[in-house]
Amino acid sequence: MNLKIKVNDLDCIDCARALEHVARSIDGVEDAEVSFALSTLELRLKEGVDRRAVVKSLRRKGYEVFPLEASLTQRGKRKKGLISRRRLVLTTICGILLLTSVVSHFIEPISGLRTTLLVLATIVAIPLTLFRGINAIRSRSIDMNVLMSIAIVAGAAIGEWAEAAMVAFLFSIAVMLEASALARTRRAIESLMELSPDKARVMRKGIQETVNADEVKPGEVIVIRPGERIPLEGKVIKGTTSVDESAITGEPMPVTKQPGSMVFAGTLNEEGAIEVKVTKAKSESTLARIIHLVEHVEEKRAKIERFVDRFAKFYTPAVVSAAIIYAIVPYAIGREGNWIYRSLVFLIIACPCSLVIATPVAVVSGLASAAKKGILIKGGAYIEEAAKVTTVALDKTGTVTEGRPRVTHIVSTSALDENSLLALAASIEMVSNHPLAGAILAEARRRRLHPKQPQDAKSMPGIGMSASVDGKRYYVAKPEFFTRSRRYEIGQMIEDSDGTLVGIGSEKEILGYIYFEDRIRPGAKETTEGLRSLGMSSLVLLTGDSSDVAQKVASHLGIDECYGNLLPHEKVELIEGLRRNGKRVAMVGDGVNDAPALAASDVGIAMGAAGSDAAINASDVALMSEDITRLLPLFRISRRVRSITIENIVIAIGIKSLFVMLAAAGSATMWMAVFADMGASLIVITNALRLVSDRVSRLDTP
């Protein structure tokens with residue numbers, strides 16, 4: 001039994017980990033997982049556990065949480081304020097008390113009034129930090145809540161009530177500002193959840209019923225009216241319309257849908273009413289898979305993020321130790337000065353929050369920016385790898401070409417005429433899903449031929465098909481198959497051809513050839529030129545098609561190297577060879593046939609992955625549409641994430657280094673240190689939020 005919970009004020013990675021530890025310690029909770037990207041907590045509960053009791057336990061431990069419904073849309077619609085009401089109320093009271101204490105300083109003083117007001121302000125605000133600090137210590141970590149709690153308590157202990165109250169107030173303000181800034185990135189991701197309606201109009205016994213979309217099963221028929229979003233994935237069985245798929249694929253132009261067309265959950269039906277036969281449950285739709293991957297992005301963290309986390313684990317205890325030494329040693333050696341106060345300033349400014357958050361906020365912003373363009377990146381590790389790519393390997397068929405070849409002409413080298421040869425080839429290819437098989441069958445239908453049912457059909461991966469027709473064994477395969485395996489001469493005809501072709505043969509002779517044409521995708525030329533402008537050192541074209549065809553396409557697109565007649569394992573060998581030569585390789589393919597090559601590359605990119613679980617599973621990055629130009633914003637965004645991450649780390653370290661020196665010289669106060677820490681965090685968050693803007697991911701961005 002699972003329970004999904006929204007968490008307010010979740011503004012740092014360490015806070016998220018402490019929350020996981022706290023949640024796991026609650027009776028009845030088997031496991032807990034926090035999504036920092038969405039500020040949610042997912043709990044796995046034992047059977048029979050009262051969900052309300054679990055939520056109350058979390059609230060008693062200082063967290064403002066509320067449960068979310070199971071459906072994707074309800075999770076989005078029921079989101080509440082990102083700043084907890086408790087924090088808002090207590091911070092406001094603390095601020096009023098502080099302001100009153102300042103005013104009391106300038107009027108006829110009442111004995112002890114100012115100190116009393118400051119004590120009350122500190123008492124009011126410290127629970128916001130102290131409870132979470134205790135939770136962090138219980139989880140065996142020292143986060144910013146621990147450091148601030150130490151500073152506030154120690155400041156009060158040495159009589160610096162004004163400083164203690166100001167630190168508590170400013171830190172709470174900082175948390176609220178950070179939560180508000182992070183909300184922009186989270187809203188970009190949460191907007192995906194609001195796309196798919198929670199209700200569906202389903203046909204049951206000839207009557208339309210409105211039910212929860214979660215209850216609709218594959219095989220049932222739903223009705224979508226003009227202007228409505230499509231609640232479930234399926235195939236159109238009645239009606240014609242245009243659908244806005246930009247939320248899934250990033251394509252701005254509506255797509256015409258008619259009987260036989262697939263539609264995706266979350267897309268907008270613009271014109272006509274349609275009936276759709278559901279093919280996937282709501283939880284298994286393309287949109288649901290995208291949301292799941294984004295929610296669990298922390299599982300694939302960038303190397304630099306993991307390094308910063310490891311660094312913080314040692315850095316924070318070291319800071320606490322240094323602050324203690326800084327407070328005690330000068331007194332021990334007889335030096336005068338307020339060393340305890342200085343050590344508290346040092347403790348606050350050395351808080352690693354801005355440093356720890358520098359990378360994840362940039363990564364999450366980059367993921368949100370990419371998702372808006374129909375680019376699904378599976379985690380920070382792949383953004384980081386994409387930024388390092390120097391070589392892009394492109395599959396030909398279906399990637400740089402449209403993947404919808406058509407028959408141009410047929411040549412018979414036997415007693416069979418063209419139609420008989422085509423009918424024979426169609427019989428053999430009847431059970432194949434290869435694009436060339438589809439072209440053969442389409443041409444046979446156009447000529448109104450009637451292929452025969454094949455027997456014992458066998459696929460020869462990367463080569464072709466074989467089958468028995470009327471008791472005889474035939475082959476439709478690459479011409480090279482016949483020369484390699486059957487020792488037949490192919491003849492001058494193939495050498496003169498610059499198109500794709502297959503041979504049709506029996507066990508004893510070659511019967512003829514079928515020639516195909518596959519058009520280069522619109523935007524392919526602009527994409528290769530754009531990749532050059534991004535500094536890619538080399539572009540490589542890989543294909544199972546003939547070397548002559550590969551060379552022709554490569555020349556047209558300005559690609560450096562091309563390799564034809566490749567079997568799947570040979571593509572893998574080429575990718576591995578490029579990597580052995582020190583190149584960082586991104587492989588772009590269809591995600592199914594090219595799965596081994598995608599896996600062998602540094603970054604596997606599947607194109608046209610919308611609706612294809614196999615494509616999404618096989619790749620590190622999925623371009624949801626068949627628009628090859630989406631490669632350009634992918635690499636631009638990844639490089640932008642890297643540069644902003646470096647900027648954030650430099651900013652965080654620079655500000656902290658400056659104020660550490662001021663603290664050591666005795667020129668900084670506790671409230672100045674909080675301002676500096678708060679400012680560093682806000683600067684790195686705001687810097688990262690530039691990634692969410694459309695300007696960064698536009699195709700024409702230089």
# chains A, B, ... in the order shown; residues from 1 in each chain; ligands from 1
$ residues_around --residues "region 114-129 of chain A" --least-positions-apart "6" --cutoff "7 Å" --atoms "only C-alpha atoms" --output "JSON, numbers by chain"
{"A": [87, 90, 91, 94, 97, 98, 101, 104, 105, 145, 149, 161, 162, 164, 165, 168, 169]}
$ residues_around --residues "Asp9 (chain A)" --least-positions-apart "6" --cutoff "9 Å" --atoms "only C-alpha atoms" --output "PyMOL selection string"
chain A and resi 39+63-64+82-84+87+175-176+178-180
$ atom_distance --atom1 "CA of Arg640 (chain A)" --atom2 "CA of Leu689 (chain A)"
11.5 Å
$ residues_around --residues "Ile5 (chain A)" --least-positions-apart "4" --cutoff "6 Å" --atoms "only C-alpha atoms" --output "PyMOL selection string"
chain A and resi 40-41+66-68
$ write_last_selection --atoms "N, CA and C atoms" --output "JSON list (two decimals), in the first residue's frame"
[["chain", "number", "residue", "atom", "x", "y", "z"],
["A", 40, "THR", "N", 7.91, 15.88, -3.15],
["A", 40, "THR", "CA", 6.93, 14.87, -2.72],
["A", 40, "THR", "C", 7.64, 13.75, -1.97],
["A", 41, "LEU", "N", 6.86, 13.06, -1.14],
["A", 41, "LEU", "CA", 7.34, 11.92, -0.37],
["A", 41, "LEU", "C", 6.43, 10.74, -0.68],
["A", 66, "PHE", "N", 0.67, 17.04, 3.19],
["A", 66, "PHE", "CA", -0.72, 16.65, 2.94],
["A", 66, "PHE", "C", -0.72, 15.58, 1.87],
["A", 67, "PRO", "N", -1.62, 14.61, 1.98],
["A", 67, "PRO", "CA", -1.63, 13.49, 1.02],
["A", 67, "PRO", "C", -2.15, 13.93, -0.34],
["A", 68, "LEU", "N", -1.66, 13.26, -1.36],
["A", 68, "LEU", "CA", -2.10, 13.50, -2.73],
["A", 68, "LEU", "C", -2.86, 12.30, -3.23]]
$ closest_atom_pairs --of "region 111-187 of chain A" --to "region 346-360 of chain A" --cutoff "12 Å" --atoms "only C-alpha atoms" --output "tab-separated table"
residue	atom	partner	partner_atom	distance
A:Ile142	CA	A:Cys351	CA	9.8
A:Asp143	CA	A:Cys353	CA	7.8
A:Met144	CA	A:Cys351	CA	5.8
A:Asn145	CA	A:Cys351	CA	9.3
A:Val146	CA	A:Cys351	CA	9.6
A:Leu147	CA	A:Ile348	CA	6.5
A:Met148	CA	A:Ile348	CA	6.4
A:Ser149	CA	A:Ile348	CA	9.8
A:Ile150	CA	A:Leu347	CA	8.6
A:Ala151	CA	A:Ile348	CA	6.9
A:Ile152	CA	A:Ile348	CA	9.8
A:Ala154	CA	A:Leu347	CA	11.0
A:Gly155	CA	A:Ile348	CA	11.5
A:Glu163	CA	A:Ile348	CA	12.0
A:Ala164	CA	A:Ile348	CA	11.6
A:Val167	CA	A:Ile348	CA	9.1
A:Ala168	CA	A:Ile348	CA	11.4
A:Leu170	CA	A:Ile348	CA	11.8
A:Phe171	CA	A:Ile348	CA	10.0
A:Ala174	CA	A:Cys353	CA	11.2
A:Val175	CA	A:Cys353	CA	10.8
A:Glu178	CA	A:Ser354	CA	10.3
A:Leu182	CA	A:Ile357	CA	10.6
A:Thr185	CA	A:Pro360	CA	11.2
$ write_last_selection --atoms "C-alpha atoms" --output "mmCIF file, in the first residue's frame"
data_model
loop_
_atom_site.group_PDB
_atom_site.id
_atom_site.type_symbol
_atom_site.label_atom_id
_atom_site.label_comp_id
_atom_site.auth_asym_id
_atom_site.auth_seq_id
_atom_site.Cartn_x
_atom_site.Cartn_y
_atom_site.Cartn_z
ATOM 1 C CA ILE A 142 24.468 17.778 9.806
ATOM 2 C CA ASP A 143 22.482 20.059 7.538
ATOM 3 C CA MET A 144 21.794 23.785 7.493
ATOM 4 C CA ASN A 145 19.022 23.394 10.083
ATOM 5 C CA VAL A 146 21.554 21.939 12.527
ATOM 6 C CA LEU A 147 24.041 24.746 11.915
ATOM 7 C CA MET A 148 21.414 27.464 12.248
ATOM 8 C CA SER A 149 19.987 25.870 15.393
ATOM 9 C CA ILE A 150 23.449 25.816 16.978
ATOM 10 C CA ALA A 151 23.972 29.456 16.012
ATOM 11 C CA ILE A 152 20.599 30.579 17.412
ATOM 12 C CA ALA A 154 24.536 29.639 21.222
ATOM 13 C CA GLY A 155 23.757 33.270 20.402
ATOM 14 C CA GLU A 163 21.442 38.464 16.854
ATOM 15 C CA ALA A 164 19.736 35.177 17.749
ATOM 16 C CA VAL A 167 19.215 34.912 12.563
ATOM 17 C CA ALA A 168 16.052 32.888 13.235
ATOM 18 C CA LEU A 170 16.212 35.882 8.370
ATOM 19 C CA PHE A 171 16.815 32.150 7.987
ATOM 20 C CA ALA A 174 15.459 32.610 3.312
ATOM 21 C CA VAL A 175 13.692 29.241 3.391
ATOM 22 C CA GLU A 178 14.128 29.585 -1.738
ATOM 23 C CA LEU A 182 12.238 26.502 -6.591
ATOM 24 C CA THR A 185 11.002 24.811 -11.675
#
$ residues_around --residues "Ala467 (chain A)" --least-positions-apart "5" --cutoff "8 Å" --atoms "only C-alpha atoms" --output "ChimeraX atom specification"
/A:428,454-458,473-475
$ select_by_dssp --residues "region 209-456 of chain A" --states "helix (DSSP H, G or I)" --output "number ranges by chain"
A: 213-215, 246-249, 282-284, 286-295, 297-300, 303-332, 339-349, 353-372, 380-388, 396-400, 418-429, 435-446
$ atom_distance --atom1 "CA of Val49 (chain A)" --atom2 "CA of Gly28 (chain A)"
5.8 Å
$ closest_residue --among "A:Arg406, A:Lys4, A:Lys452, A:Lys61" --to "Leu436 (chain A)" --atoms "only C-alpha atoms"
A:Arg406
$ atom_distance --atom1 "CA of Ile230 (chain A)" --atom2 "CA of Val211 (chain A)"
13.8 Å
$ residues_around --residues "Val392 (chain A)" --least-positions-apart "3" --cutoff "12 Å" --atoms "only C-alpha atoms" --output "mmCIF file with N, CA and C atoms, in the first residue's frame"
data_model
loop_
_atom_site.group_PDB
_atom_site.id
_atom_site.type_symbol
_atom_site.label_atom_id
_atom_site.label_comp_id
_atom_site.auth_asym_id
_atom_site.auth_seq_id
_atom_site.Cartn_x
_atom_site.Cartn_y
_atom_site.Cartn_z
ATOM 1 N N ALA A 386 25.873 14.306 -22.011
ATOM 2 C CA ALA A 386 25.540 14.968 -23.279
ATOM 3 C C ALA A 386 26.374 16.229 -23.474
ATOM 4 N N LYS A 388 29.370 16.596 -22.693
ATOM 5 C CA LYS A 388 30.752 16.219 -23.020
ATOM 6 C C LYS A 388 30.889 15.590 -24.410
ATOM 7 N N VAL A 389 29.768 15.343 -25.089
ATOM 8 C CA VAL A 389 29.803 14.620 -26.364
ATOM 9 C C VAL A 389 30.609 15.389 -27.401
ATOM 10 N N ASP A 395 22.108 6.875 -36.981
ATOM 11 C CA ASP A 395 21.557 5.815 -37.820
ATOM 12 C C ASP A 395 20.911 6.478 -39.030
ATOM 13 N N THR A 527 20.356 20.332 -39.032
ATOM 14 C CA THR A 527 20.798 19.697 -37.782
ATOM 15 C C THR A 527 22.294 19.396 -37.812
ATOM 16 N N THR A 528 22.771 18.822 -38.912
ATOM 17 C CA THR A 528 24.209 18.520 -38.996
ATOM 18 C C THR A 528 25.034 19.801 -38.967
ATOM 19 N N GLY A 530 24.081 22.557 -37.468
ATOM 20 C CA GLY A 530 23.984 23.035 -36.095
ATOM 21 C C GLY A 530 24.910 22.279 -35.154
ATOM 22 N N LEU A 531 25.023 20.967 -35.349
ATOM 23 C CA LEU A 531 25.931 20.170 -34.523
ATOM 24 C C LEU A 531 27.375 20.612 -34.736
ATOM 25 N N ARG A 532 27.706 20.956 -35.976
ATOM 26 C CA ARG A 532 29.050 21.488 -36.259
ATOM 27 C C ARG A 532 29.286 22.782 -35.489
ATOM 28 N N LEU A 534 28.039 23.691 -32.803
ATOM 29 C CA LEU A 534 28.161 23.418 -31.368
ATOM 30 C C LEU A 534 29.527 22.842 -31.008
ATOM 31 N N GLY A 535 30.358 22.610 -32.025
ATOM 32 C CA GLY A 535 31.715 22.144 -31.763
ATOM 33 C C GLY A 535 31.926 20.653 -31.817
ATOM 34 N N MET A 536 30.964 19.901 -32.386
ATOM 35 C CA MET A 536 31.161 18.453 -32.517
ATOM 36 C C MET A 536 32.351 18.190 -33.452
ATOM 37 N N SER A 537 33.273 17.389 -32.993
ATOM 38 C CA SER A 537 34.484 17.151 -33.783
ATOM 39 C C SER A 537 34.239 16.248 -34.974
ATOM 40 N N SER A 538 33.256 15.365 -34.881
ATOM 41 C CA SER A 538 32.967 14.485 -36.020
ATOM 42 C C SER A 538 31.533 13.984 -35.968
ATOM 43 N N LEU A 539 30.991 13.752 -37.155
ATOM 44 C CA LEU A 539 29.667 13.166 -37.323
ATOM 45 C C LEU A 539 29.832 11.881 -38.120
ATOM 46 N N VAL A 540 29.123 10.833 -37.693
ATOM 47 C CA VAL A 540 29.275 9.514 -38.310
ATOM 48 C C VAL A 540 27.898 8.989 -38.685
ATOM 49 N N LEU A 541 27.791 8.428 -39.891
ATOM 50 C CA LEU A 541 26.540 7.827 -40.350
ATOM 51 C C LEU A 541 26.692 6.317 -40.374
ATOM 52 N N LEU A 542 25.775 5.613 -39.707
ATOM 53 C CA LEU A 542 25.806 4.155 -39.647
ATOM 54 C C LEU A 542 24.527 3.607 -40.270
ATOM 55 N N ILE A 559 28.387 14.922 -43.656
ATOM 56 C CA ILE A 559 28.853 14.047 -42.581
ATOM 57 C C ILE A 559 30.229 13.501 -42.923
ATOM 58 N N ASP A 560 31.131 13.473 -41.930
ATOM 59 C CA ASP A 560 32.531 13.095 -42.154
ATOM 60 C C ASP A 560 32.692 11.653 -42.604
ATOM 61 N N GLU A 561 32.164 10.755 -41.796
ATOM 62 C CA GLU A 561 32.385 9.334 -42.023
ATOM 63 C C GLU A 561 31.057 8.623 -42.200
ATOM 64 N N CYS A 562 31.049 7.602 -43.036
ATOM 65 C CA CYS A 562 29.835 6.790 -43.165
ATOM 66 C C CYS A 562 30.232 5.325 -43.328
ATOM 67 N N ILE A 575 30.923 1.841 -32.574
ATOM 68 C CA ILE A 575 30.738 2.762 -31.443
ATOM 69 C C ILE A 575 31.830 2.549 -30.407
ATOM 70 N N LEU A 578 35.148 4.000 -31.582
ATOM 71 C CA LEU A 578 35.204 5.456 -31.434
ATOM 72 C C LEU A 578 35.504 5.837 -29.989
ATOM 73 N N ARG A 579 34.893 5.133 -29.048
ATOM 74 C CA ARG A 579 35.116 5.443 -27.630
ATOM 75 C C ARG A 579 36.546 5.085 -27.214
ATOM 76 N N LYS A 583 36.896 9.390 -27.928
ATOM 77 C CA LYS A 583 35.763 10.238 -28.281
ATOM 78 C C LYS A 583 34.576 9.947 -27.372
ATOM 79 N N ARG A 584 33.844 11.000 -27.031
ATOM 80 C CA ARG A 584 32.603 10.842 -26.273
ATOM 81 C C ARG A 584 31.468 10.792 -27.284
ATOM 82 N N VAL A 585 30.807 9.650 -27.350
ATOM 83 C CA VAL A 585 29.906 9.364 -28.469
ATOM 84 C C VAL A 585 28.442 9.368 -28.031
ATOM 85 N N ALA A 586 27.630 10.088 -28.806
ATOM 86 C CA ALA A 586 26.171 9.993 -28.681
ATOM 87 C C ALA A 586 25.673 9.244 -29.903
ATOM 88 N N MET A 587 24.877 8.199 -29.680
ATOM 89 C CA MET A 587 24.284 7.420 -30.770
ATOM 90 C C MET A 587 22.817 7.791 -30.880
ATOM 91 N N VAL A 588 22.377 8.131 -32.101
ATOM 92 C CA VAL A 588 20.988 8.495 -32.344
ATOM 93 C C VAL A 588 20.357 7.437 -33.242
ATOM 94 N N GLY A 589 19.292 6.795 -32.739
ATOM 95 C CA GLY A 589 18.624 5.756 -33.512
ATOM 96 C C GLY A 589 17.163 5.667 -33.139
ATOM 97 N N LEU A 598 22.815 1.909 -29.028
ATOM 98 C CA LEU A 598 22.455 2.943 -28.055
ATOM 99 C C LEU A 598 23.085 2.635 -26.700
ATOM 100 N N SER A 601 26.954 3.343 -26.483
ATOM 101 C CA SER A 601 27.432 4.720 -26.575
ATOM 102 C C SER A 601 27.458 5.383 -25.198
ATOM 103 N N ASP A 602 28.084 6.555 -25.131
ATOM 104 C CA ASP A 602 28.079 7.324 -23.884
ATOM 105 C C ASP A 602 26.692 7.869 -23.594
ATOM 106 N N VAL A 603 25.995 8.280 -24.642
ATOM 107 C CA VAL A 603 24.617 8.761 -24.521
ATOM 108 C C VAL A 603 23.801 8.159 -25.660
ATOM 109 N N GLY A 604 22.806 7.344 -25.324
ATOM 110 C CA GLY A 604 21.928 6.762 -26.332
ATOM 111 C C GLY A 604 20.685 7.616 -26.479
ATOM 112 N N ILE A 605 20.409 8.058 -27.709
ATOM 113 C CA ILE A 605 19.288 8.964 -27.975
ATOM 114 C C ILE A 605 18.313 8.281 -28.920
ATOM 115 N N LEU A 631 17.712 17.492 -31.650
ATOM 116 C CA LEU A 631 19.066 17.224 -31.146
ATOM 117 C C LEU A 631 19.761 18.511 -30.715
ATOM 118 N N LEU A 632 19.465 19.597 -31.420
ATOM 119 C CA LEU A 632 20.168 20.852 -31.138
ATOM 120 C C LEU A 632 19.823 21.411 -29.756
ATOM 121 N N PHE A 635 21.578 19.309 -26.900
ATOM 122 C CA PHE A 635 22.987 19.578 -26.606
ATOM 123 C C PHE A 635 23.184 20.991 -26.063
#
